[in-house]
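Worksheet: one structure, shown below.
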Amino acid sequence: MRIRIEPVSRVFLSAALVHFLIGTTLGALMASNVTWWDSISPYHAELNPFGWLTFLIYGMTYAVLQLFASLRVPWKGLPWIHFVVAEAGVLLIIFGYLAQRPLWIHWGWVCQTSAGILFLIAVMSAVVSSRRSRKLLPPEAISPETPVHVSELDDAPPFTGFYFNLEKGEVRDTDRVAKRGTSLALIVLIVATLFATMDGILHGGDPWLSSKRIRILLFDGWIAGTVLAVSLHLLPRYRPSVAVPSKIAHLAQSIWFIGILLAGILPPAFWLQQLGTRVIGLSFAVIALLYLRRIPSALRQTQPPVKLAWTIAWAFAFILGTCQTLGLRPLSLPAIHLLFLGWITTLVYGVGYVFFPLLLHRFPAFARMASFQVLLSTVGAVLLIIGMVGAESEHAGLFRYALAIGGSSAMAGFFLFALQWSIKRKPRA
Ligand code: HEM
């Protein structure tokens, strides 16, 4: 059986991988030499959260809509316009910094946020048109309760697959919570856009990433919120009988949203704003605990690297959540890298080994290296974060070694992951 996923998903995914290859290289360069931080940081801070994770969210969402909900965007050109606008945003910002043209950077941000709005319109139009026409995928696509294995896309089965079109009531409940989570995250993106626009008009300059509130809205709100929602959709697709309890997931989501409102809207010096960042941390810790409890049974049938990556990712989320609840600033370097590198990027590895074969129609070229790849990136992330914690301390020299080794290992781990998909493995004869 061959599942045809709209090529735009693949294009978003490929662009995300290219952005991250450059972004991690720049990160490793900064990790090896702190004097480069100021000059390289703006490119890295654009390419990684936006060029990598946001593009990944777009590409995966188009594919997930089609695979899990049988939804297609009615006007096929819209996702392509979305891609062009999003890529124009990244390029304008990067070249704006290179050429020192603030206007290009400004227009880059306008494109970047317009891309978010185009994405919202695309998703909404897919939902509305499916409600109207009840247009489902052809019956041969996927029957309910049937797992689709990558082996069905070709003839070698290195990784087991997902279950689609689930019937279980429990799972539908978590899907509802997840859908609400995706909508809330998109609302947060739009609010961040409005804030940044107002900031730009009132104060001029480059408001987008210089404002703490906007960064919290974008990082802990838009990106983390979407990841929380997508994970809620994905976990039961590995094994339908196991999902996180929907009521607790709903409660944790409400806590997260209250935290985002407090931390992202109130002035930074206000105690309620600081309470908001702790509340966000609490929601991360609670959700992470739920996952850590369920992963052993939910991922029992999946291959070890997938289970390993999910476990490590949620362990990072738990550490981040606990530290943030206890007062770690969400925009400090350790917090940003616990969130983006430790938690989300490791989760992408876990999801990628099962999902990318469906999307890219190819298997990981070095499937046997998958566990080593996950461990290499994990060691890198741990050392990098330890190095960041101690970089300003009395023993900075020692910590800078950790930073340099961690940066290079995290980069090597990602290069190995990217290599898995860049070589087309021949099917067995
Ligand atoms: C190989 C992996 C990575 C390495 C070696 C690395 C290294 C670094 C270093 C050394 C800095 C300090 C620069 C400075 O503060 O001026 C930094 C900043 C930053 N990194 Fe990473 N990073 C990595 C992955 C990521 C990922 C995956 C993301 C997000 C998706 C990310 C987002 C950021 C952001 C937003 C900043 C700017 C923080 C600020 O200016 O306050 N990094 N990174």
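Each chain of the structure tokens is named A, B, ... in the order shown, its residues numbered from 1; ligands are numbered from 1 in display order.
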
Selection as a ChimeraX atom specification: residues within 6 Å of ligand 1 by only C-alpha atoms and all ligand atoms: /A:24,27-28,30-31,37-38,41,45,48-49,53,333,337,340-341,407,410-411

Keeping C-alpha atoms for every residue in the selection just given, could you write it to a file as a PDB file, in the first residue's frame?
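Listed below is the output, part11.pdb:
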ATOM      1  CA  THR A  24      23.484  23.428  14.564  1.00  0.00           C
ATOM      2  CA  GLY A  27      25.615  26.513  17.446  1.00  0.00           C
ATOM      3  CA  ALA A  28      28.646  24.194  17.600  1.00  0.00           C
ATOM      4  CA  MET A  30      29.550  29.268  19.238  1.00  0.00           C
ATOM      5  CA  ALA A  31      29.937  26.436  21.740  1.00  0.00           C
ATOM      6  CA  TRP A  37      28.410  34.442  20.462  1.00  0.00           C
ATOM      7  CA  ASP A  38      27.387  38.003  19.666  1.00  0.00           C
ATOM      8  CA  SER A  41      23.734  34.253  17.771  1.00  0.00           C
ATOM      9  CA  ALA A  45      18.342  32.104  16.988  1.00  0.00           C
ATOM     10  CA  ASN A  48      16.756  26.910  14.888  1.00  0.00           C
ATOM     11  CA  PRO A  49      13.423  27.845  16.480  1.00  0.00           C
ATOM     12  CA  LEU A  53      11.064  23.649  14.508  1.00  0.00           C
ATOM     13  CA  LEU A 333      20.378  29.649  27.747  1.00  0.00           C
ATOM     14  CA  HIS A 337      18.275  24.414  25.164  1.00  0.00           C
ATOM     15  CA  PHE A 340      14.447  23.067  22.120  1.00  0.00           C
ATOM     16  CA  LEU A 341      17.388  20.700  21.996  1.00  0.00           C
ATOM     17  CA  GLY A 407      28.015  21.374  21.072  1.00  0.00           C
ATOM     18  CA  ALA A 410      24.829  17.446  19.556  1.00  0.00           C
ATOM     19  CA  MET A 411      25.756  18.635  16.063  1.00  0.00           C
TER      20      MET A 411
END

All residues 10 Å or closer to Ile423 in chain A, only C-alpha atoms, same chain fewer than 6 positions away omitted, as a list in words: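 So, after excluding close chain neighbours, the residues are Arg362, Phe363, Pro364, Ala365 and Phe366 of chain A.
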
Filtering to N, CA and C atoms, could you give me those residues as a PDB file, in the first residue's frame?
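Saved to selection_7.pdb:
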ATOM      1  N   ARG A 362      11.306   6.652   2.206  1.00  0.00           N
ATOM      2  CA  ARG A 362      12.616   6.001   2.287  1.00  0.00           C
ATOM      3  C   ARG A 362      12.876   5.607   3.741  1.00  0.00           C
ATOM      4  N   PHE A 363      13.704   4.587   3.914  1.00  0.00           N
ATOM      5  CA  PHE A 363      14.024   4.118   5.256  1.00  0.00           C
ATOM      6  C   PHE A 363      15.272   4.808   5.764  1.00  0.00           C
ATOM      7  N   PRO A 364      15.473   4.809   7.098  1.00  0.00           N
ATOM      8  CA  PRO A 364      16.748   5.326   7.583  1.00  0.00           C
ATOM      9  C   PRO A 364      17.896   4.491   7.004  1.00  0.00           C
ATOM     10  N   ALA A 365      18.894   5.181   6.463  1.00  0.00           N
ATOM     11  CA  ALA A 365      19.975   4.467   5.772  1.00  0.00           C
ATOM     12  C   ALA A 365      20.787   3.613   6.737  1.00  0.00           C
ATOM     13  N   PHE A 366      20.936   4.091   7.987  1.00  0.00           N
ATOM     14  CA  PHE A 366      21.718   3.312   8.959  1.00  0.00           C
ATOM     15  C   PHE A 366      20.820   3.046  10.163  1.00  0.00           C
TER      16      PHE A 366
END

Of the listed residues A:Val382, A:Val11, A:Leu299, A:Leu234, that which approaches Thr174 in chain A most closely, counting only C-alpha atoms: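 Using only C-alpha atoms, Thr174 in chain A sits closest to A:Leu234.
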
Distance in Å - CA of Pro240 in chain A versus CA of Pro296 in chain A: 13.8 Å

Counting only C-alpha atoms, the residue of A:Val34, A:Val110, A:Phe50, A:Ile258 that sits nearest Leu17 in chain A: A:Phe50

All residues 9 Å or closer to range 270-275 of chain A, only C-alpha atoms, same chain fewer than 4 positions away omitted, as a ChimeraX atom specification: /A:259,261-266,279-280,325,327,329

Alpha helix (DSSP H) residues, from DSSP on the backbone, in range 189-380 of chain A, as a PyMOL selection string: chain A and resi 189-203+207-210+212-216+224-238+246-265+271-298+304-325+333-337+346-360+370-380

Atomic separation - CA of Leu383 in chain A relative to CA of Asn33 in chain A, Å: 15.2 Å

For Arg215 in chain A: contacts at 12 Å, only C-alpha atoms, fewer than 4 positions along chain excluded, given as a PyMOL selection string: chain A and resi 45-46+49-50+188-189+191-193+195-196+207-211+219-224+260+263-265+268+330-332+336

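Comparing A:Val227, A:Ala418, A:Leu347, A:Ile22 by their smallest distance to Trp310 in chain A, the closest is A:Leu347 (using only C-alpha atoms).
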
For CA of Ser297 in chain A and CA of Trp256 in chain A, the interatomic separation in Å (one decimal):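 One can read the CA of Ser297 in chain A to CA of Trp256 in chain A distance as 25.9 Å.
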
Nearest-residue call for Gly413 in chain A, choices A:Ala370, A:Ile216, A:Val18, A:Ala298, using only C-alpha atoms: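 Closest candidate: A:Ala370.
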
Residue contacts of Ile117 in chain A (10 Å, only C-alpha atoms) excluding same-chain residues fewer than 2 positions away, as a CSV table (one decimal) with N, CA and C atoms, in the first residue's frame:
chain,number,residue,atom,x,y,z
A,82,HIS,N,2.1,29.4,1.4
A,82,HIS,CA,2.5,29.4,2.8
A,82,HIS,C,4.0,29.1,2.8
A,111,CYS,N,6.8,38.5,6.9
A,111,CYS,CA,6.5,37.3,6.2
A,111,CYS,C,6.4,36.1,7.2
A,112,GLN,N,7.3,36.0,8.2
A,112,GLN,CA,7.3,34.9,9.1
A,112,GLN,C,5.9,34.8,9.8
A,113,THR,N,5.4,35.9,10.2
A,113,THR,CA,4.2,35.9,11.0
A,113,THR,C,3.0,35.7,10.0
A,114,SER,N,3.1,36.3,8.8
A,114,SER,CA,2.0,36.1,7.8
A,114,SER,C,1.9,34.6,7.5
A,115,ALA,N,3.1,33.9,7.5
A,115,ALA,CA,3.1,32.5,7.2
A,115,ALA,C,2.3,31.8,8.3
A,119,PHE,N,-1.0,29.6,7.5
A,119,PHE,CA,-1.1,28.2,8.1
A,119,PHE,C,-2.5,28.0,8.7
A,120,LEU,N,-2.8,29.0,9.6
A,120,LEU,CA,-4.1,28.9,10.3
A,120,LEU,C,-5.3,28.8,9.2
A,121,ILE,N,-5.2,29.7,8.2
A,121,ILE,CA,-6.3,29.7,7.2
A,121,ILE,C,-6.3,28.3,6.5
A,122,ALA,N,-5.1,27.8,6.2
A,122,ALA,CA,-5.1,26.5,5.5
A,122,ALA,C,-5.7,25.4,6.3
A,123,VAL,N,-5.3,25.4,7.6
A,123,VAL,CA,-5.9,24.3,8.5
A,123,VAL,C,-7.4,24.5,8.7
A,186,LEU,N,-1.8,28.4,18.1
A,186,LEU,CA,-1.9,29.3,17.0
A,186,LEU,C,-2.4,30.7,17.4
A,187,ILE,N,-3.3,30.7,18.4
A,187,ILE,CA,-3.8,32.0,18.9
A,187,ILE,C,-2.6,32.8,19.5
A,189,LEU,N,0.5,32.5,18.8
A,189,LEU,CA,1.3,33.0,17.7
A,189,LEU,C,0.8,34.3,17.1
A,190,ILE,N,-0.5,34.4,17.0
A,190,ILE,CA,-1.1,35.6,16.4
A,190,ILE,C,-1.1,36.7,17.4
A,193,THR,N,2.3,38.1,17.3
A,193,THR,CA,2.5,38.9,16.1
A,193,THR,C,1.9,40.3,16.3

Contacts of Leu290 in chain A within 9 Å, only C-alpha atoms, excl. fewer than 4 positions in-chain, as a VMD selection string: chain A and resid 244 to 245 248 to 249 285 to 286 294 to 295

Emit the selected residues as a compact mmCIF listing (two decimals), in the first residue's frame, including N, CA and C atoms.
# COMPACT_ATOMS: atom_id res chain seq x y z
N VAL A 244 -2.56 9.06 27.41
CA VAL A 244 -2.48 9.71 28.73
C VAL A 244 -3.91 10.07 29.16
N PRO A 245 -4.19 10.12 30.47
CA PRO A 245 -5.58 10.42 30.91
C PRO A 245 -6.00 11.80 30.40
N ILE A 248 -6.53 14.82 32.99
CA ILE A 248 -5.31 15.44 33.53
C ILE A 248 -4.62 16.24 32.42
N ALA A 249 -4.64 15.69 31.20
CA ALA A 249 -4.00 16.40 30.09
C ALA A 249 -4.71 17.75 29.87
N ALA A 285 6.09 20.04 33.74
CA ALA A 285 6.50 18.93 34.62
C ALA A 285 5.37 17.91 34.75
N VAL A 286 4.12 18.41 34.91
CA VAL A 286 2.99 17.48 35.09
C VAL A 286 2.80 16.64 33.82
N ARG A 294 3.44 6.61 30.99
CA ARG A 294 2.75 5.83 29.95
C ARG A 294 3.67 5.25 28.88
N ILE A 295 4.83 5.88 28.68
CA ILE A 295 5.68 5.46 27.56
C ILE A 295 6.04 3.96 27.59
